[in-house]
$ cat upload-v4.tsv   # TSV, N, CA and C atoms
chain	number	residue	atom	x	y	z
A	1	MET	N	9.88	14.68	-10.49
A	1	MET	CA	8.72	14.92	-11.33
A	1	MET	C	7.47	14.50	-10.57
A	2	PRO	N	6.54	15.41	-10.32
A	2	PRO	CA	5.30	15.04	-9.61
A	2	PRO	C	4.52	13.98	-10.38
A	3	HIS	N	3.94	13.08	-9.63
A	3	HIS	CA	3.18	11.99	-10.21
A	3	HIS	C	2.17	11.54	-9.17
A	4	SER	N	0.94	11.31	-9.55
A	4	SER	CA	-0.04	10.81	-8.60
A	4	SER	C	-0.53	9.45	-9.06
A	5	ALA	N	-0.91	8.63	-8.09
A	5	ALA	CA	-1.39	7.29	-8.38
A	5	ALA	C	-2.31	6.85	-7.25
A	6	HIS	N	-3.28	6.04	-7.59
A	6	HIS	CA	-4.19	5.46	-6.59
A	6	HIS	C	-3.50	4.24	-5.99
A	7	ILE	N	-3.28	4.26	-4.68
A	7	ILE	CA	-2.65	3.13	-4.00
A	7	ILE	C	-3.43	2.80	-2.74
A	8	THR	N	-3.18	1.64	-2.21
A	8	THR	CA	-3.74	1.22	-0.93
A	8	THR	C	-2.60	1.22	0.07
A	9	VAL	N	-2.83	1.77	1.25
A	9	VAL	CA	-1.81	1.77	2.30
A	9	VAL	C	-2.34	1.02	3.51
A	10	GLY	N	-1.41	0.45	4.26
A	10	GLY	CA	-1.77	-0.26	5.48
A	10	GLY	C	-0.72	-0.04	6.54
A	11	VAL	N	-1.12	-0.20	7.78
A	11	VAL	CA	-0.20	-0.07	8.90
A	11	VAL	C	0.27	-1.47	9.28
A	12	VAL	N	1.60	-1.65	9.23
A	12	VAL	CA	2.22	-2.92	9.61
A	12	VAL	C	3.16	-2.61	10.77
A	13	GLY	N	2.82	-3.09	11.96
A	13	GLY	CA	3.58	-2.70	13.14
A	13	GLY	C	3.40	-1.21	13.35
A	14	ASP	N	4.51	-0.48	13.32
A	14	ASP	CA	4.44	0.98	13.45
A	14	ASP	C	4.80	1.68	12.14
A	15	ARG	N	4.72	0.95	11.02
A	15	ARG	CA	5.10	1.50	9.71
A	15	ARG	C	3.87	1.61	8.81
A	16	LEU	N	3.90	2.60	7.91
A	16	LEU	CA	2.87	2.78	6.89
A	16	LEU	C	3.45	2.24	5.59
A	17	TRP	N	2.82	1.19	5.05
A	17	TRP	CA	3.35	0.50	3.86
A	17	TRP	C	2.33	0.46	2.74
A	18	SER	N	2.87	0.32	1.54
A	18	SER	CA	2.10	0.00	0.36
A	18	SER	C	2.96	-0.94	-0.48
A	19	SER	N	2.39	-1.48	-1.53
A	19	SER	CA	3.12	-2.42	-2.37
A	19	SER	C	3.02	-1.99	-3.83
A	20	GLY	N	4.06	-2.26	-4.56
A	20	GLY	CA	4.08	-1.97	-5.99
A	20	GLY	C	5.03	-2.94	-6.67
A	21	THR	N	5.40	-2.62	-7.90
A	21	THR	CA	6.38	-3.45	-8.61
A	21	THR	C	7.57	-2.59	-9.02
A	22	GLU	N	8.66	-3.27	-9.24
A	22	GLU	CA	9.90	-2.59	-9.62
A	22	GLU	C	9.72	-1.80	-10.92
A	23	ARG	N	8.88	-2.27	-11.83
A	23	ARG	CA	8.74	-1.65	-13.15
A	23	ARG	C	7.77	-0.47	-13.20
A	24	ARG	N	7.00	-0.24	-12.15
A	24	ARG	CA	6.02	0.86	-12.18
A	24	ARG	C	6.72	2.21	-12.15
A	25	MET	N	6.13	3.16	-12.83
A	25	MET	CA	6.69	4.51	-12.87
A	25	MET	C	6.73	5.13	-11.47
A	26	ARG	N	5.73	4.84	-10.64
A	26	ARG	CA	5.75	5.43	-9.29
A	26	ARG	C	6.99	4.96	-8.53
A	27	THR	N	7.43	3.72	-8.76
A	27	THR	CA	8.63	3.22	-8.10
A	27	THR	C	9.85	3.99	-8.57
A	28	VAL	N	9.92	4.22	-9.87
A	28	VAL	CA	11.04	4.99	-10.44
A	28	VAL	C	11.06	6.39	-9.84
A	29	PHE	N	9.89	7.04	-9.81
A	29	PHE	CA	9.82	8.40	-9.28
A	29	PHE	C	10.15	8.45	-7.79
A	30	MET	N	9.69	7.46	-7.03
A	30	MET	CA	9.99	7.44	-5.60
A	30	MET	C	11.48	7.24	-5.33
A	31	ARG	N	12.14	6.48	-6.18
A	31	ARG	CA	13.58	6.31	-6.03
A	31	ARG	C	14.32	7.61	-6.37
A	32	LEU	N	13.81	8.36	-7.34
A	32	LEU	CA	14.44	9.62	-7.74
A	32	LEU	C	14.22	10.72	-6.72
A	33	ASP	N	13.01	10.78	-6.16
A	33	ASP	CA	12.66	11.82	-5.18
A	33	ASP	C	11.75	11.20	-4.13
A	34	PRO	N	12.28	10.91	-2.95
A	34	PRO	CA	11.50	10.19	-1.94
A	34	PRO	C	10.47	11.02	-1.18
A	35	VAL	N	10.34	12.29	-1.49
A	35	VAL	CA	9.36	13.14	-0.82
A	35	VAL	C	8.01	12.94	-1.50
A	36	CYS	N	6.97	12.67	-0.71
A	36	CYS	CA	5.66	12.43	-1.32
A	36	CYS	C	4.54	12.92	-0.40
A	37	THR	N	3.36	13.05	-0.99
A	37	THR	CA	2.15	13.41	-0.27
A	37	THR	C	1.10	12.37	-0.57
A	38	LEU	N	0.45	11.87	0.47
A	38	LEU	CA	-0.61	10.88	0.32
A	38	LEU	C	-1.94	11.51	0.71
A	39	LEU	N	-2.99	11.16	0.02
A	39	LEU	CA	-4.35	11.54	0.38
A	39	LEU	C	-5.09	10.23	0.67
A	40	VAL	N	-5.44	10.03	1.93
A	40	VAL	CA	-5.99	8.75	2.37
A	40	VAL	C	-7.46	8.93	2.73
A	41	PHE	N	-8.30	8.03	2.19
A	41	PHE	CA	-9.71	7.99	2.53
A	41	PHE	C	-9.96	6.75	3.38
A	42	PRO	N	-10.82	6.83	4.38
A	42	PRO	CA	-11.11	5.64	5.19
A	42	PRO	C	-11.86	4.60	4.36
A	43	VAL	N	-11.73	3.37	4.79
A	43	VAL	CA	-12.44	2.27	4.14
A	43	VAL	C	-13.61	1.88	5.04
A	44	ARG	N	-14.78	1.76	4.44
A	44	ARG	CA	-15.98	1.37	5.19
A	44	ARG	C	-15.96	-0.13	5.44
A	45	ALA	N	-16.89	-0.59	6.25
A	45	ALA	CA	-16.99	-2.00	6.60
A	45	ALA	C	-17.20	-2.88	5.36
A	46	ASP	N	-17.82	-2.33	4.30
A	46	ASP	CA	-18.04	-3.13	3.09
A	46	ASP	C	-16.81	-3.14	2.17
A	47	GLY	N	-15.70	-2.53	2.61
A	47	GLY	CA	-14.46	-2.57	1.84
A	47	GLY	C	-14.28	-1.44	0.85
A	48	HIS	N	-15.26	-0.56	0.71
A	48	HIS	CA	-15.16	0.55	-0.24
A	48	HIS	C	-14.66	1.81	0.46
A	49	ALA	N	-13.79	2.53	-0.23
A	49	ALA	CA	-13.36	3.82	0.29
A	49	ALA	C	-14.54	4.79	0.25
A	50	THR	N	-14.58	5.73	1.18
A	50	THR	CA	-15.73	6.62	1.27
A	50	THR	C	-15.92	7.48	0.03
A	51	TYR	N	-14.86	7.76	-0.72
A	51	TYR	CA	-15.03	8.63	-1.89
A	51	TYR	C	-15.83	7.97	-3.00
A	52	HIS	N	-16.05	6.66	-2.94
A	52	HIS	CA	-16.81	5.95	-3.97
A	52	HIS	C	-18.30	6.26	-3.91
A	53	HIS	N	-18.77	6.83	-2.82
A	53	HIS	CA	-20.21	6.95	-2.64
A	53	HIS	C	-20.64	8.38	-2.36
A	54	GLY	N	-20.00	9.34	-3.01
A	54	GLY	CA	-20.46	10.72	-2.94
A	54	GLY	C	-20.16	11.43	-1.63
A	55	THR	N	-19.28	10.90	-0.83
A	55	THR	CA	-18.98	11.56	0.44
A	55	THR	C	-17.58	12.15	0.42
A	56	LEU	N	-17.08	12.47	-0.76
A	56	LEU	CA	-15.76	13.08	-0.87
A	56	LEU	C	-15.69	14.29	0.03
A	57	GLY	N	-14.68	14.34	0.85
A	57	GLY	CA	-14.51	15.45	1.76
A	57	GLY	C	-15.04	15.18	3.15
A	58	ALA	N	-15.82	14.11	3.32
A	58	ALA	CA	-16.37	13.81	4.63
A	58	ALA	C	-15.25	13.46	5.61
A	59	GLU	N	-14.40	12.54	5.25
A	59	GLU	CA	-13.25	12.17	6.06
A	59	GLU	C	-12.07	11.94	5.13
A	60	TRP	N	-10.93	12.48	5.50
A	60	TRP	CA	-9.72	12.29	4.71
A	60	TRP	C	-8.53	12.60	5.59
A	61	LEU	N	-7.38	12.12	5.17
A	61	LEU	CA	-6.13	12.36	5.88
A	61	LEU	C	-5.06	12.68	4.85
A	62	GLY	N	-4.42	13.83	5.00
A	62	GLY	CA	-3.28	14.18	4.17
A	62	GLY	C	-2.01	13.80	4.93
A	63	ILE	N	-1.09	13.17	4.24
A	63	ILE	CA	0.16	12.74	4.87
A	63	ILE	C	1.33	13.20	4.01
A	64	GLU	N	2.23	13.95	4.61
A	64	GLU	CA	3.49	14.30	3.97
A	64	GLU	C	4.52	13.30	4.49
A	65	ALA	N	5.27	12.71	3.58
A	65	ALA	CA	6.15	11.61	4.00
A	65	ALA	C	7.39	11.54	3.12
A	66	ASN	N	8.37	10.86	3.64
A	66	ASN	CA	9.51	10.38	2.85
A	66	ASN	C	9.29	8.89	2.65
A	67	VAL	N	9.63	8.40	1.49
A	67	VAL	CA	9.39	6.99	1.20
A	67	VAL	C	10.71	6.30	0.86
A	68	GLU	N	10.84	5.09	1.35
A	68	GLU	CA	11.96	4.23	0.98
A	68	GLU	C	11.38	3.03	0.25
A	69	VAL	N	11.95	2.68	-0.88
A	69	VAL	CA	11.50	1.52	-1.64
A	69	VAL	C	12.31	0.32	-1.13
A	70	LEU	N	11.60	-0.64	-0.53
A	70	LEU	CA	12.25	-1.83	-0.01
A	70	LEU	C	12.19	-2.93	-1.07
A	71	ASP	N	13.32	-3.53	-1.34
A	71	ASP	CA	13.36	-4.66	-2.27
A	71	ASP	C	14.23	-5.75	-1.65
A	72	GLY	N	14.35	-6.87	-2.31
A	72	GLY	CA	15.20	-7.93	-1.79
A	72	GLY	C	14.42	-9.12	-1.28
A	73	PRO	N	15.12	-10.03	-0.61
A	73	PRO	CA	14.52	-11.31	-0.23
A	73	PRO	C	13.44	-11.23	0.84
A	74	ASP	N	13.36	-10.13	1.58
A	74	ASP	CA	12.33	-10.00	2.62
A	74	ASP	C	10.98	-9.54	2.09
A	75	VAL	N	10.94	-9.06	0.84
A	75	VAL	CA	9.70	-8.47	0.30
A	75	VAL	C	8.52	-9.46	0.29
A	76	PRO	N	8.70	-10.73	-0.08
A	76	PRO	CA	7.53	-11.61	-0.03
A	76	PRO	C	6.90	-11.69	1.37
A	77	ASP	N	7.71	-11.85	2.40
A	77	ASP	CA	7.17	-11.92	3.76
A	77	ASP	C	6.60	-10.57	4.19
A	78	GLN	N	7.24	-9.48	3.78
A	78	GLN	CA	6.72	-8.15	4.12
A	78	GLN	C	5.37	-7.92	3.44
A	79	THR	N	5.23	-8.37	2.22
A	79	THR	CA	3.96	-8.21	1.50
A	79	THR	C	2.87	-9.06	2.14
A	80	ILE	N	3.21	-10.27	2.57
A	80	ILE	CA	2.24	-11.11	3.28
A	80	ILE	C	1.77	-10.39	4.55
A	81	ALA	N	2.70	-9.78	5.29
A	81	ALA	CA	2.34	-9.03	6.50
A	81	ALA	C	1.41	-7.87	6.15
A	82	LEU	N	1.69	-7.17	5.04
A	82	LEU	CA	0.83	-6.07	4.60
A	82	LEU	C	-0.57	-6.59	4.25
A	83	LEU	N	-0.64	-7.68	3.55
A	83	LEU	CA	-1.94	-8.25	3.16
A	83	LEU	C	-2.75	-8.65	4.39
A	84	HIS	N	-2.09	-9.21	5.39
A	84	HIS	CA	-2.80	-9.55	6.64
A	84	HIS	C	-3.29	-8.29	7.34
A	85	ALA	N	-2.50	-7.20	7.29
A	85	ALA	CA	-2.92	-5.94	7.91
A	85	ALA	C	-4.11	-5.34	7.17
A	86	LEU	N	-4.14	-5.49	5.86
A	86	LEU	CA	-5.24	-4.94	5.06
A	86	LEU	C	-6.52	-5.77	5.18
A	87	HIS	N	-6.36	-7.06	5.47
A	87	HIS	CA	-7.52	-7.97	5.56
A	87	HIS	C	-7.45	-8.77	6.85
A	88	PRO	N	-7.64	-8.10	7.99
A	88	PRO	CA	-7.59	-8.83	9.26
A	88	PRO	C	-8.68	-9.90	9.30
A	89	GLY	N	-8.38	-10.97	9.96
A	89	GLY	CA	-9.35	-12.05	10.05
A	89	GLY	C	-9.30	-13.01	8.89
A	90	SER	N	-8.24	-12.90	8.05
A	90	SER	CA	-8.09	-13.86	6.96
A	90	SER	C	-7.93	-15.27	7.55
A	91	PRO	N	-8.43	-16.29	6.87
A	91	PRO	CA	-8.25	-17.66	7.36
A	91	PRO	C	-6.77	-18.00	7.52
A	92	ALA	N	-6.45	-18.85	8.48
A	92	ALA	CA	-5.07	-19.24	8.75
A	92	ALA	C	-4.40	-19.79	7.48
A	93	GLY	N	-3.18	-19.29	7.20
A	93	GLY	CA	-2.42	-19.77	6.05
A	93	GLY	C	-2.84	-19.19	4.71
A	94	LEU	N	-3.85	-18.32	4.72
A	94	LEU	CA	-4.36	-17.73	3.47
A	94	LEU	C	-4.25	-16.21	3.56
A	95	VAL	N	-4.10	-15.57	2.40
A	95	VAL	CA	-4.14	-14.12	2.32
A	95	VAL	C	-5.05	-13.71	1.17
A	96	HIS	N	-5.62	-12.52	1.27
A	96	HIS	CA	-6.49	-12.00	0.21
A	96	HIS	C	-5.59	-11.44	-0.88
A	97	TRP	N	-5.65	-12.05	-2.06
A	97	TRP	CA	-4.77	-11.68	-3.18
A	97	TRP	C	-5.56	-11.84	-4.46
A	98	GLN	N	-5.65	-10.79	-5.24
A	98	GLN	CA	-6.36	-10.80	-6.52
A	98	GLN	C	-7.78	-11.32	-6.37
A	99	GLN	N	-8.51	-10.69	-5.46
A	99	GLN	CA	-9.94	-10.90	-5.26
A	99	GLN	C	-10.32	-12.26	-4.67
A	100	ALA	N	-9.35	-13.00	-4.10
A	100	ALA	CA	-9.67	-14.29	-3.49
A	100	ALA	C	-8.67	-14.61	-2.39
A	101	PHE	N	-9.05	-15.51	-1.50
A	101	PHE	CA	-8.11	-15.99	-0.50
A	101	PHE	C	-7.27	-17.09	-1.13
A	102	ARG	N	-5.94	-16.94	-1.00
A	102	ARG	CA	-5.01	-17.90	-1.61
A	102	ARG	C	-3.96	-18.31	-0.58
A	103	PRO	N	-3.36	-19.50	-0.77
A	103	PRO	CA	-2.31	-19.94	0.15
A	103	PRO	C	-1.12	-18.98	0.14
A	104	GLU	N	-0.56	-18.73	1.32
A	104	GLU	CA	0.56	-17.79	1.44
A	104	GLU	C	1.73	-18.18	0.54
A	105	ASP	N	2.07	-19.46	0.45
A	105	ASP	CA	3.21	-19.87	-0.38
A	105	ASP	C	2.98	-19.56	-1.86
A	106	GLU	N	1.75	-19.75	-2.33
A	106	GLU	CA	1.40	-19.41	-3.72
A	106	GLU	C	1.56	-17.91	-3.96
A	107	VAL	N	1.14	-17.12	-2.99
A	107	VAL	CA	1.23	-15.67	-3.11
A	107	VAL	C	2.69	-15.22	-3.07
A	108	ARG	N	3.50	-15.83	-2.21
A	108	ARG	CA	4.94	-15.49	-2.16
A	108	ARG	C	5.59	-15.70	-3.54
A	109	GLU	N	5.25	-16.79	-4.20
A	109	GLU	CA	5.80	-17.05	-5.54
A	109	GLU	C	5.34	-15.99	-6.53
A	110	ALA	N	4.08	-15.60	-6.46
A	110	ALA	CA	3.56	-14.56	-7.36
A	110	ALA	C	4.27	-13.23	-7.10
A	111	ILE	N	4.54	-12.93	-5.84
A	111	ILE	CA	5.22	-11.68	-5.46
A	111	ILE	C	6.62	-11.66	-6.07
A	112	ARG	N	7.32	-12.78	-5.96
A	112	ARG	CA	8.67	-12.87	-6.56
A	112	ARG	C	8.60	-12.71	-8.08
A	113	ALA	N	7.66	-13.41	-8.70
A	113	ALA	CA	7.53	-13.38	-10.16
A	113	ALA	C	7.19	-11.99	-10.67
A	114	GLU	N	6.39	-11.23	-9.91
A	114	GLU	CA	5.98	-9.88	-10.33
A	114	GLU	C	7.04	-8.83	-10.03
A	115	GLY	N	8.08	-9.17	-9.28
A	115	GLY	CA	9.09	-8.19	-8.91
A	115	GLY	C	8.54	-7.13	-7.98
A	116	ARG	N	7.76	-7.56	-7.00
A	116	ARG	CA	7.11	-6.60	-6.10
A	116	ARG	C	8.12	-5.97	-5.15
A	117	VAL	N	7.77	-4.76	-4.70
A	117	VAL	CA	8.54	-3.99	-3.73
A	117	VAL	C	7.56	-3.48	-2.67
A	118	ILE	N	8.11	-3.01	-1.57
A	118	ILE	CA	7.32	-2.38	-0.52
A	118	ILE	C	7.70	-0.91	-0.47
A	119	TYR	N	6.68	-0.05	-0.42
A	119	TYR	CA	6.92	1.37	-0.20
A	119	TYR	C	6.76	1.61	1.31
A	120	ASP	N	7.82	2.05	1.95
A	120	ASP	CA	7.84	2.28	3.39
A	120	ASP	C	7.82	3.79	3.62
A	121	PHE	N	6.68	4.30	4.10
A	121	PHE	CA	6.49	5.74	4.27
A	121	PHE	C	6.86	6.18	5.68
A	122	GLU	N	7.74	7.16	5.78
A	122	GLU	CA	8.07	7.81	7.05
A	122	GLU	C	7.22	9.07	7.12
A	123	VAL	N	6.24	9.07	7.99
A	123	VAL	CA	5.31	10.20	8.08
A	123	VAL	C	6.01	11.39	8.71
A	124	ILE	N	5.98	12.52	8.00
A	124	ILE	CA	6.55	13.78	8.50
A	124	ILE	C	5.46	14.63	9.14
A	125	ARG	N	4.30	14.69	8.48
A	125	ARG	CA	3.20	15.52	8.97
A	125	ARG	C	1.89	14.90	8.49
A	126	ALA	N	0.87	14.96	9.33
A	126	ALA	CA	-0.47	14.48	8.97
A	126	ALA	C	-1.50	15.55	9.34
A	127	TYR	N	-2.54	15.66	8.52
A	127	TYR	CA	-3.58	16.66	8.73
A	127	TYR	C	-4.83	16.22	7.99
A	128	GLY	N	-5.96	16.83	8.26
A	128	GLY	CA	-7.17	16.53	7.52
A	128	GLY	C	-8.42	16.52	8.37
A	129	ARG	N	-9.46	15.90	7.83
A	129	ARG	CA	-10.76	15.74	8.51
A	129	ARG	C	-10.96	14.27	8.79
A	130	TYR	N	-10.74	13.87	10.01
A	130	TYR	CA	-10.88	12.45	10.36
A	130	TYR	C	-11.38	12.29	11.77

$ encode --input "upload-v4.tsv" --output "structure tokens"
Amino acid sequence: MPHSAHITVGVVGDRLWSSGTERRMRTVFMRLDPVCTLLVFPVRADGHATYHHGTLGAEWLGIEANVEVLDGPDVPDQTIALLHALHPGSPAGLVHWQQAFRPEDEVREAIRAEGRVIYDFEVIRAYGRY
């Protein structure tokens, strides 16, 4: 069943990742059908995606991918790695989580409590204006 959602993606090592929770509908749909299409807008230096300021269409990247939903005991550390990739230059031992820098151990506990998962995208094809 086609479903669209606004997500944030980041490159961790050589993988394209995003994060969600086990209970979200997008997670259910991705488990049922791992084929997906992403529409990615670049993020400006002020942290806003370009589509927020009337420049829709200026730069974008379409990605056709297969997605694997990663769960289990490695997810807290994987999510910490994703957060560091999304916010390079974070202070040592802290990650940007819910609009503030927080200790990594506190965030790991929140990740476990929320039942978070990692969406691991295998890029099949990319195209666009970038």

$ residues_around --input "upload-v4.tsv" --residues "Val95 (chain A)" --least-positions-apart "5" --cutoff "7 Å" --atoms "only C-alpha atoms" --output "ChimeraX atom specification"
/A:83-84,90,101-104

$ atom_distance --input "upload-v4.tsv" --atom1 "CA of Glu122 (chain A)" --atom2 "CA of Leu86 (chain A)"
18.5 Å

$ residues_around --input "upload-v4.tsv" --residues "Ile111 (chain A)" --least-positions-apart "2" --cutoff "12 Å" --atoms "only C-alpha atoms" --output "CSV table (one decimal) with N, CA and C atoms, in the coordinates of the input"
chain,number,residue,atom,x,y,z
A,19,SER,N,2.4,-1.5,-1.5
A,19,SER,CA,3.1,-2.4,-2.4
A,19,SER,C,3.0,-2.0,-3.8
A,20,GLY,N,4.1,-2.3,-4.6
A,20,GLY,CA,4.1,-2.0,-6.0
A,20,GLY,C,5.0,-2.9,-6.7
A,21,THR,N,5.4,-2.6,-7.9
A,21,THR,CA,6.4,-3.4,-8.6
A,21,THR,C,7.6,-2.6,-9.0
A,22,GLU,N,8.7,-3.3,-9.2
A,22,GLU,CA,9.9,-2.6,-9.6
A,22,GLU,C,9.7,-1.8,-10.9
A,71,ASP,N,13.3,-3.5,-1.3
A,71,ASP,CA,13.4,-4.7,-2.3
A,71,ASP,C,14.2,-5.8,-1.6
A,72,GLY,N,14.4,-6.9,-2.3
A,72,GLY,CA,15.2,-7.9,-1.8
A,72,GLY,C,14.4,-9.1,-1.3
A,73,PRO,N,15.1,-10.0,-0.6
A,73,PRO,CA,14.5,-11.3,-0.2
A,73,PRO,C,13.4,-11.2,0.8
A,74,ASP,N,13.4,-10.1,1.6
A,74,ASP,CA,12.3,-10.0,2.6
A,74,ASP,C,11.0,-9.5,2.1
A,75,VAL,N,10.9,-9.1,0.8
A,75,VAL,CA,9.7,-8.5,0.3
A,75,VAL,C,8.5,-9.5,0.3
A,76,PRO,N,8.7,-10.7,-0.1
A,76,PRO,CA,7.5,-11.6,0.0
A,76,PRO,C,6.9,-11.7,1.4
A,77,ASP,N,7.7,-11.8,2.4
A,77,ASP,CA,7.2,-11.9,3.8
A,77,ASP,C,6.6,-10.6,4.2
A,78,GLN,N,7.2,-9.5,3.8
A,78,GLN,CA,6.7,-8.2,4.1
A,78,GLN,C,5.4,-7.9,3.4
A,79,THR,N,5.2,-8.4,2.2
A,79,THR,CA,4.0,-8.2,1.5
A,79,THR,C,2.9,-9.1,2.1
A,80,ILE,N,3.2,-10.3,2.6
A,80,ILE,CA,2.2,-11.1,3.3
A,80,ILE,C,1.8,-10.4,4.6
A,83,LEU,N,-0.6,-7.7,3.6
A,83,LEU,CA,-1.9,-8.2,3.2
A,83,LEU,C,-2.8,-8.6,4.4
A,97,TRP,N,-5.6,-12.0,-2.1
A,97,TRP,CA,-4.8,-11.7,-3.2
A,97,TRP,C,-5.6,-11.8,-4.5
A,98,GLN,N,-5.6,-10.8,-5.2
A,98,GLN,CA,-6.4,-10.8,-6.5
A,98,GLN,C,-7.8,-11.3,-6.4
A,104,GLU,N,-0.6,-18.7,1.3
A,104,GLU,CA,0.6,-17.8,1.4
A,104,GLU,C,1.7,-18.2,0.5
A,105,ASP,N,2.1,-19.5,0.4
A,105,ASP,CA,3.2,-19.9,-0.4
A,105,ASP,C,3.0,-19.6,-1.9
A,106,GLU,N,1.8,-19.8,-2.3
A,106,GLU,CA,1.4,-19.4,-3.7
A,106,GLU,C,1.6,-17.9,-4.0
A,107,VAL,N,1.1,-17.1,-3.0
A,107,VAL,CA,1.2,-15.7,-3.1
A,107,VAL,C,2.7,-15.2,-3.1
A,108,ARG,N,3.5,-15.8,-2.2
A,108,ARG,CA,4.9,-15.5,-2.2
A,108,ARG,C,5.6,-15.7,-3.5
A,109,GLU,N,5.2,-16.8,-4.2
A,109,GLU,CA,5.8,-17.0,-5.5
A,109,GLU,C,5.3,-16.0,-6.5
A,113,ALA,N,7.7,-13.4,-8.7
A,113,ALA,CA,7.5,-13.4,-10.2
A,113,ALA,C,7.2,-12.0,-10.7
A,114,GLU,N,6.4,-11.2,-9.9
A,114,GLU,CA,6.0,-9.9,-10.3
A,114,GLU,C,7.0,-8.8,-10.0
A,115,GLY,N,8.1,-9.2,-9.3
A,115,GLY,CA,9.1,-8.2,-8.9
A,115,GLY,C,8.5,-7.1,-8.0
A,116,ARG,N,7.8,-7.6,-7.0
A,116,ARG,CA,7.1,-6.6,-6.1
A,116,ARG,C,8.1,-6.0,-5.2
A,117,VAL,N,7.8,-4.8,-4.7
A,117,VAL,CA,8.5,-4.0,-3.7
A,117,VAL,C,7.6,-3.5,-2.7
A,118,ILE,N,8.1,-3.0,-1.6
A,118,ILE,CA,7.3,-2.4,-0.5
A,118,ILE,C,7.7,-0.9,-0.5

$ residues_around --input "upload-v4.tsv" --residues "Arg125 (chain A)" --least-positions-apart "3" --cutoff "10 Å" --atoms "only C-alpha atoms" --output "list in words"
Thr37, Gly62, Ile63, Glu64, Ala65 and Glu122 of chain A

$ write_last_selection --input "upload-v4.tsv" --atoms "N, CA and C atoms" --output "PDB file, in the coordinates of the input"
ATOM      1  N   THR A  37       3.360  13.050  -0.990  1.00  0.00           N
ATOM      2  CA  THR A  37       2.150  13.410  -0.270  1.00  0.00           C
ATOM      3  C   THR A  37       1.100  12.370  -0.570  1.00  0.00           C
ATOM      4  N   GLY A  62      -4.420  13.830   5.000  1.00  0.00           N
ATOM      5  CA  GLY A  62      -3.280  14.180   4.170  1.00  0.00           C
ATOM      6  C   GLY A  62      -2.010  13.800   4.930  1.00  0.00           C
ATOM      7  N   ILE A  63      -1.090  13.170   4.240  1.00  0.00           N
ATOM      8  CA  ILE A  63       0.160  12.740   4.870  1.00  0.00           C
ATOM      9  C   ILE A  63       1.330  13.200   4.010  1.00  0.00           C
ATOM     10  N   GLU A  64       2.230  13.950   4.610  1.00  0.00           N
ATOM     11  CA  GLU A  64       3.490  14.300   3.970  1.00  0.00           C
ATOM     12  C   GLU A  64       4.520  13.300   4.490  1.00  0.00           C
ATOM     13  N   ALA A  65       5.270  12.710   3.580  1.00  0.00           N
ATOM     14  CA  ALA A  65       6.150  11.610   4.000  1.00  0.00           C
ATOM     15  C   ALA A  65       7.390  11.540   3.120  1.00  0.00           C
ATOM     16  N   GLU A 122       7.740   7.160   5.780  1.00  0.00           N
ATOM     17  CA  GLU A 122       8.070   7.810   7.050  1.00  0.00           C
ATOM     18  C   GLU A 122       7.220   9.070   7.120  1.00  0.00           C
TER      19      GLU A 122
END

$ closest_residue --input "upload-v4.tsv" --among "A:Ala100, A:Ile124, A:Val67, A:Ala81" --to "Val12 (chain A)" --atoms "only N, CA and C atoms"
A:Ala81

$ atom_distance --input "upload-v4.tsv" --atom1 "atom N of Val35 (chain A)" --atom2 "CA of Leu70 (chain A)"
14.3 Å

$ atom_distance --input "upload-v4.tsv" --atom1 "CA of Tyr130 (chain A)" --atom2 "atom C of Thr27 (chain A)"
29.3 Å

$ closest_residue --input "upload-v4.tsv" --among "A:Tyr119, A:Val43, A:Pro91, A:Leu61" --to "Phe29 (chain A)" --atoms "only C-alpha atoms"
A:Tyr119

$ select_by_dssp --input "upload-v4.tsv" --residues "chain A" --states "helix (DSSP H, G or I)" --output "count of residues only"
35

$ build_atoms --input "upload-v4.tsv" --residues "region 81-88 of chain A" --atoms "N, CA, C and O atoms" --output "mmCIF file, in the coordinates of the input"
data_model
loop_
_atom_site.group_PDB
_atom_site.id
_atom_site.type_symbol
_atom_site.label_atom_id
_atom_site.label_comp_id
_atom_site.auth_asym_id
_atom_site.auth_seq_id
_atom_site.Cartn_x
_atom_site.Cartn_y
_atom_site.Cartn_z
ATOM 1 N N ALA A 81 2.700 -9.780 5.290
ATOM 2 C CA ALA A 81 2.340 -9.030 6.500
ATOM 3 C C ALA A 81 1.410 -7.870 6.150
ATOM 4 O O ALA A 81 0.426 -7.610 6.864
ATOM 5 N N LEU A 82 1.690 -7.170 5.040
ATOM 6 C CA LEU A 82 0.830 -6.070 4.600
ATOM 7 C C LEU A 82 -0.570 -6.590 4.250
ATOM 8 O O LEU A 82 -1.578 -5.991 4.641
ATOM 9 N N LEU A 83 -0.640 -7.680 3.550
ATOM 10 C CA LEU A 83 -1.940 -8.250 3.160
ATOM 11 C C LEU A 83 -2.750 -8.650 4.390
ATOM 12 O O LEU A 83 -3.970 -8.451 4.430
ATOM 13 N N HIS A 84 -2.090 -9.210 5.390
ATOM 14 C CA HIS A 84 -2.800 -9.550 6.640
ATOM 15 C C HIS A 84 -3.290 -8.290 7.340
ATOM 16 O O HIS A 84 -4.386 -8.271 7.910
ATOM 17 N N ALA A 85 -2.500 -7.200 7.290
ATOM 18 C CA ALA A 85 -2.920 -5.940 7.910
ATOM 19 C C ALA A 85 -4.110 -5.340 7.170
ATOM 20 O O ALA A 85 -5.007 -4.757 7.790
ATOM 21 N N LEU A 86 -4.140 -5.490 5.860
ATOM 22 C CA LEU A 86 -5.240 -4.940 5.060
ATOM 23 C C LEU A 86 -6.520 -5.770 5.180
ATOM 24 O O LEU A 86 -7.620 -5.248 4.980
ATOM 25 N N HIS A 87 -6.360 -7.060 5.470
ATOM 26 C CA HIS A 87 -7.520 -7.970 5.560
ATOM 27 C C HIS A 87 -7.450 -8.770 6.850
ATOM 28 O O HIS A 87 -7.206 -9.978 6.833
ATOM 29 N N PRO A 88 -7.640 -8.100 7.990
ATOM 30 C CA PRO A 88 -7.590 -8.830 9.260
ATOM 31 C C PRO A 88 -8.680 -9.900 9.300
ATOM 32 O O PRO A 88 -9.745 -9.732 8.714
#
